[in-house]
Amino acid sequence: MRKTENTQVLEAFIPDCCNTGVLFRILAAVSGGLFLILAARGESGLLLVQNFAEAVALMVPVVLGSVLMLCKLRMLMPKAGLHPWLQRLSCGLVPALLIWVVAELFRLADVLDVIYPRFQRLPVMTIVFVTGMALQRYFELRTRAYSPVLAEARLQALQARIRPHFLFNSLNTVLSLIRQDPRRAERVLEDLSDLFRALMRDARIMISLEDELQLCKQYLAIESVRLGERLQTDWQITGLSDADIREIQVPALLLQPLIENAVHYGVEPSLQVATVSIHLKKSLNKVDVTVKNPQHTPGYAASGNQIALDNIRQRLSLLYDVEAGMTSEALNSEFVVKLYFPAKK
């Protein structure tokens with residue numbers, strides 16, 4: 001099991017079976033495979049449908065049980081310290097053992113030979129084991145295919161998000177405050193230090209929603225010193241208790257880049273007061289976030305915003321699959337970004 005040198009990020013080789021998208025993919029792959037196998041035997045019409053239904057009745061409990069067990073095993077993995085190959089093998093062994101258990105239960109109920117007269121335990125267990133290993137390999141390769149996104153997230157954080165002019169302006173602001181208000185200058189330097197520390201983190205690290213919101217507020221505090229009264233913020237949090245905010249885990253730098261874009265494209269070009277709206281709402285087991293900023297030059301703002309948005313969209317797809325998403329649109333004179341992600345603790 002590999003760990004990075006600077007962080008304690010544990011690499012998982014068991015698919016995230018707690019994720020709805022992973023479950024749907026597994027069910028689709030197993031069902032499609034069963035149908036193709038039965039069709040290849042020359043069965044058709046009602047016989048094909050009947051045999052497919054019987055096969056699904058046997059395999060669905062195995063799939064659901066395997067997904068549940070692998071989900072729990074993946075959560076226990078940091079404590080168990082499983083070797084990568086043990087993790088991989090568990091993806092084949094767990095469903096193979098479960099198909100044996102289910103077949104044994106059917107046999108004890110005297111229905112195995114009635115419903116599945118041609119059922120042969122060892123060949124079926126072998127097929128299930130190979131299928132489990134193949135699915136594990138698919139999800140591992142899928143994660144590797146997306147992994148450059150994580151490196152790109154860090155690269156953009158260093159090259160794009162902390163833009164040279166932002167650092168230059170922040171340091172100039174501190175210099176101007178040193179004599180006039182040393183304590184305020186010290187606070188700005190502390191906020192700037194925290195921001196850089198966050199941007200240097202591994203992009204795979206999950207932090208609490210509270211820490212991410214604090215980072216956003218520190219960034220806004222830095223910019224408010226420079227932009228003065230032109231920068232106004234409207235925070236609204238609905239349905240999220242203090243405990244939720246402390247316990248819900250989010251990817252590091254999920255919201256801060258959105259707010260930075262809103263300030264860069266919505267407040268900096270404005271000669272008047274401009275308001276950045278940040279609304280968070282929890283509904284069921286999902287957190288919805290809406291960030292709005294004034295739009296002054298539609299074409300320029302939309303293209304500029306898209307750089308960071310595409311990166312965040314890919315990170316959400318990698319980390320949450322179909323359980324998270326993001327949209328953006330120019331609405332009247334505002335640029336609106338909406339994203340949602342599961343409220344996982």
# chains A, B, ... in the order shown; residues from 1 in each chain; ligands from 1
>>> residues_around(residues="Glu212 in chain A", least_positions_apart="6", cutoff="9 Å", atoms="only C-alpha atoms", output="list of chain:residue names")
A:Val250, A:Pro251, A:Ala252, A:Leu253, A:Leu254, A:Leu255, A:Gln256
>>> residues_around(residues="range 188-192 of chain A", least_positions_apart="4", cutoff="10 Å", atoms="only C-alpha atoms", output="list of chain:residue names")
A:Leu167, A:Ser170, A:Leu171, A:Thr173, A:Val174, A:Leu177, A:Pro182, A:Arg183, A:Arg184, A:Phe196, A:Arg197, A:Ala198, A:Gln214, A:Leu215, A:Lys217, A:Gln218, A:Tyr219, A:Leu220, A:Ala221, A:Ile222, A:Glu223, A:Val225
>>> residues_around(residues="range 121-124 of chain A", least_positions_apart="3", cutoff="10 Å", atoms="only C-alpha atoms", output="list of chain:residue names")
A:Ala96, A:Ile99, A:Trp100, A:Ala103, A:Glu104, A:Arg118, A:Ile127, A:Val128, A:Phe129, A:Val130
>>> residues_around(residues="Gln236 in chain A", least_positions_apart="6", cutoff="10 Å", atoms="only C-alpha atoms", output="PyMOL selection string")
chain A and resi 277-281+289-290
>>> select_by_dssp(residues="range 197-280 of chain A", states="helix (DSSP H, G or I)", output="ChimeraX atom specification")
/A:197-199,209-230,242-247,256-266
>>> closest_residue(among="A:Arg88, A:Arg179, A:Lys282, A:Arg107", to="Gln136 in chain A", atoms="only C-alpha atoms")
A:Arg88
>>> closest_residue(among="A:Asn172, A:Gln295, A:Asn19, A:Asn285", to="Tyr265 in chain A", atoms="only C-alpha atoms")
A:Gln295
>>> residues_around(residues="Lys286 in chain A", least_positions_apart="6", cutoff="9 Å", atoms="only C-alpha atoms", output="PyMOL selection string")
chain A and resi 323-324+340-344
>>> write_last_selection(atoms="all heavy atoms", output="mmCIF file, in the first residue's frame")
data_model
loop_
_atom_site.group_PDB
_atom_site.id
_atom_site.type_symbol
_atom_site.label_atom_id
_atom_site.label_comp_id
_atom_site.auth_asym_id
_atom_site.auth_seq_id
_atom_site.Cartn_x
_atom_site.Cartn_y
_atom_site.Cartn_z
ATOM 1 N N GLU A 323 -22.391 10.936 -8.200
ATOM 2 C CA GLU A 323 -22.999 11.513 -7.009
ATOM 3 C C GLU A 323 -22.734 13.014 -6.871
ATOM 4 O O GLU A 323 -23.253 13.645 -5.951
ATOM 5 C CB GLU A 323 -22.478 10.794 -5.760
ATOM 6 C CG GLU A 323 -22.932 9.352 -5.672
ATOM 7 C CD GLU A 323 -22.463 8.663 -4.403
ATOM 8 O OE1 GLU A 323 -21.367 8.989 -3.928
ATOM 9 O OE2 GLU A 323 -23.210 7.807 -3.891
ATOM 10 N N ALA A 324 -21.915 13.569 -7.748
ATOM 11 C CA ALA A 324 -21.617 15.008 -7.686
ATOM 12 C C ALA A 324 -21.616 15.571 -9.094
ATOM 13 O O ALA A 324 -21.467 14.854 -10.083
ATOM 14 C CB ALA A 324 -20.268 15.255 -7.015
ATOM 15 N N TYR A 340 -23.004 20.303 -6.595
ATOM 16 C CA TYR A 340 -23.553 19.485 -5.512
ATOM 17 C C TYR A 340 -22.622 18.308 -5.285
ATOM 18 O O TYR A 340 -21.917 17.849 -6.189
ATOM 19 C CB TYR A 340 -24.969 19.007 -5.832
ATOM 20 C CG TYR A 340 -25.062 18.101 -7.041
ATOM 21 C CD1 TYR A 340 -24.976 16.706 -6.911
ATOM 22 C CD2 TYR A 340 -25.254 18.620 -8.314
ATOM 23 C CE1 TYR A 340 -25.055 15.875 -8.016
ATOM 24 C CE2 TYR A 340 -25.328 17.802 -9.437
ATOM 25 C CZ TYR A 340 -25.235 16.427 -9.273
ATOM 26 O OH TYR A 340 -25.298 15.605 -10.365
ATOM 27 N N PHE A 341 -22.597 17.822 -4.054
ATOM 28 C CA PHE A 341 -21.763 16.683 -3.702
ATOM 29 C C PHE A 341 -22.393 16.008 -2.490
ATOM 30 O O PHE A 341 -23.152 16.621 -1.743
ATOM 31 C CB PHE A 341 -20.313 17.114 -3.413
ATOM 32 C CG PHE A 341 -20.198 18.197 -2.379
ATOM 33 C CD1 PHE A 341 -20.107 17.905 -1.025
ATOM 34 C CD2 PHE A 341 -20.155 19.532 -2.767
ATOM 35 C CE1 PHE A 341 -20.001 18.905 -0.074
ATOM 36 C CE2 PHE A 341 -20.045 20.538 -1.827
ATOM 37 C CZ PHE A 341 -19.975 20.235 -0.475
ATOM 38 N N PRO A 342 -22.091 14.712 -2.264
ATOM 39 C CA PRO A 342 -22.703 14.004 -1.139
ATOM 40 C C PRO A 342 -22.157 14.515 0.190
ATOM 41 O O PRO A 342 -20.988 14.877 0.312
ATOM 42 C CB PRO A 342 -22.301 12.542 -1.372
ATOM 43 C CG PRO A 342 -21.098 12.617 -2.239
ATOM 44 C CD PRO A 342 -21.268 13.822 -3.101
ATOM 45 N N ALA A 343 -23.034 14.531 1.194
ATOM 46 C CA ALA A 343 -22.640 15.000 2.523
ATOM 47 C C ALA A 343 -22.039 13.837 3.299
ATOM 48 O O ALA A 343 -22.610 13.351 4.280
ATOM 49 C CB ALA A 343 -23.849 15.581 3.252
ATOM 50 N N LYS A 344 -20.871 13.396 2.862
ATOM 51 C CA LYS A 344 -20.202 12.260 3.500
ATOM 52 C C LYS A 344 -19.388 12.726 4.687
ATOM 53 O O LYS A 344 -18.711 13.757 4.620
ATOM 54 C CB LYS A 344 -19.284 11.541 2.506
ATOM 55 C CG LYS A 344 -20.033 10.838 1.384
ATOM 56 C CD LYS A 344 -19.101 10.076 0.498
ATOM 57 C CE LYS A 344 -19.871 9.320 -0.587
ATOM 58 N NZ LYS A 344 -18.974 8.561 -1.485
#
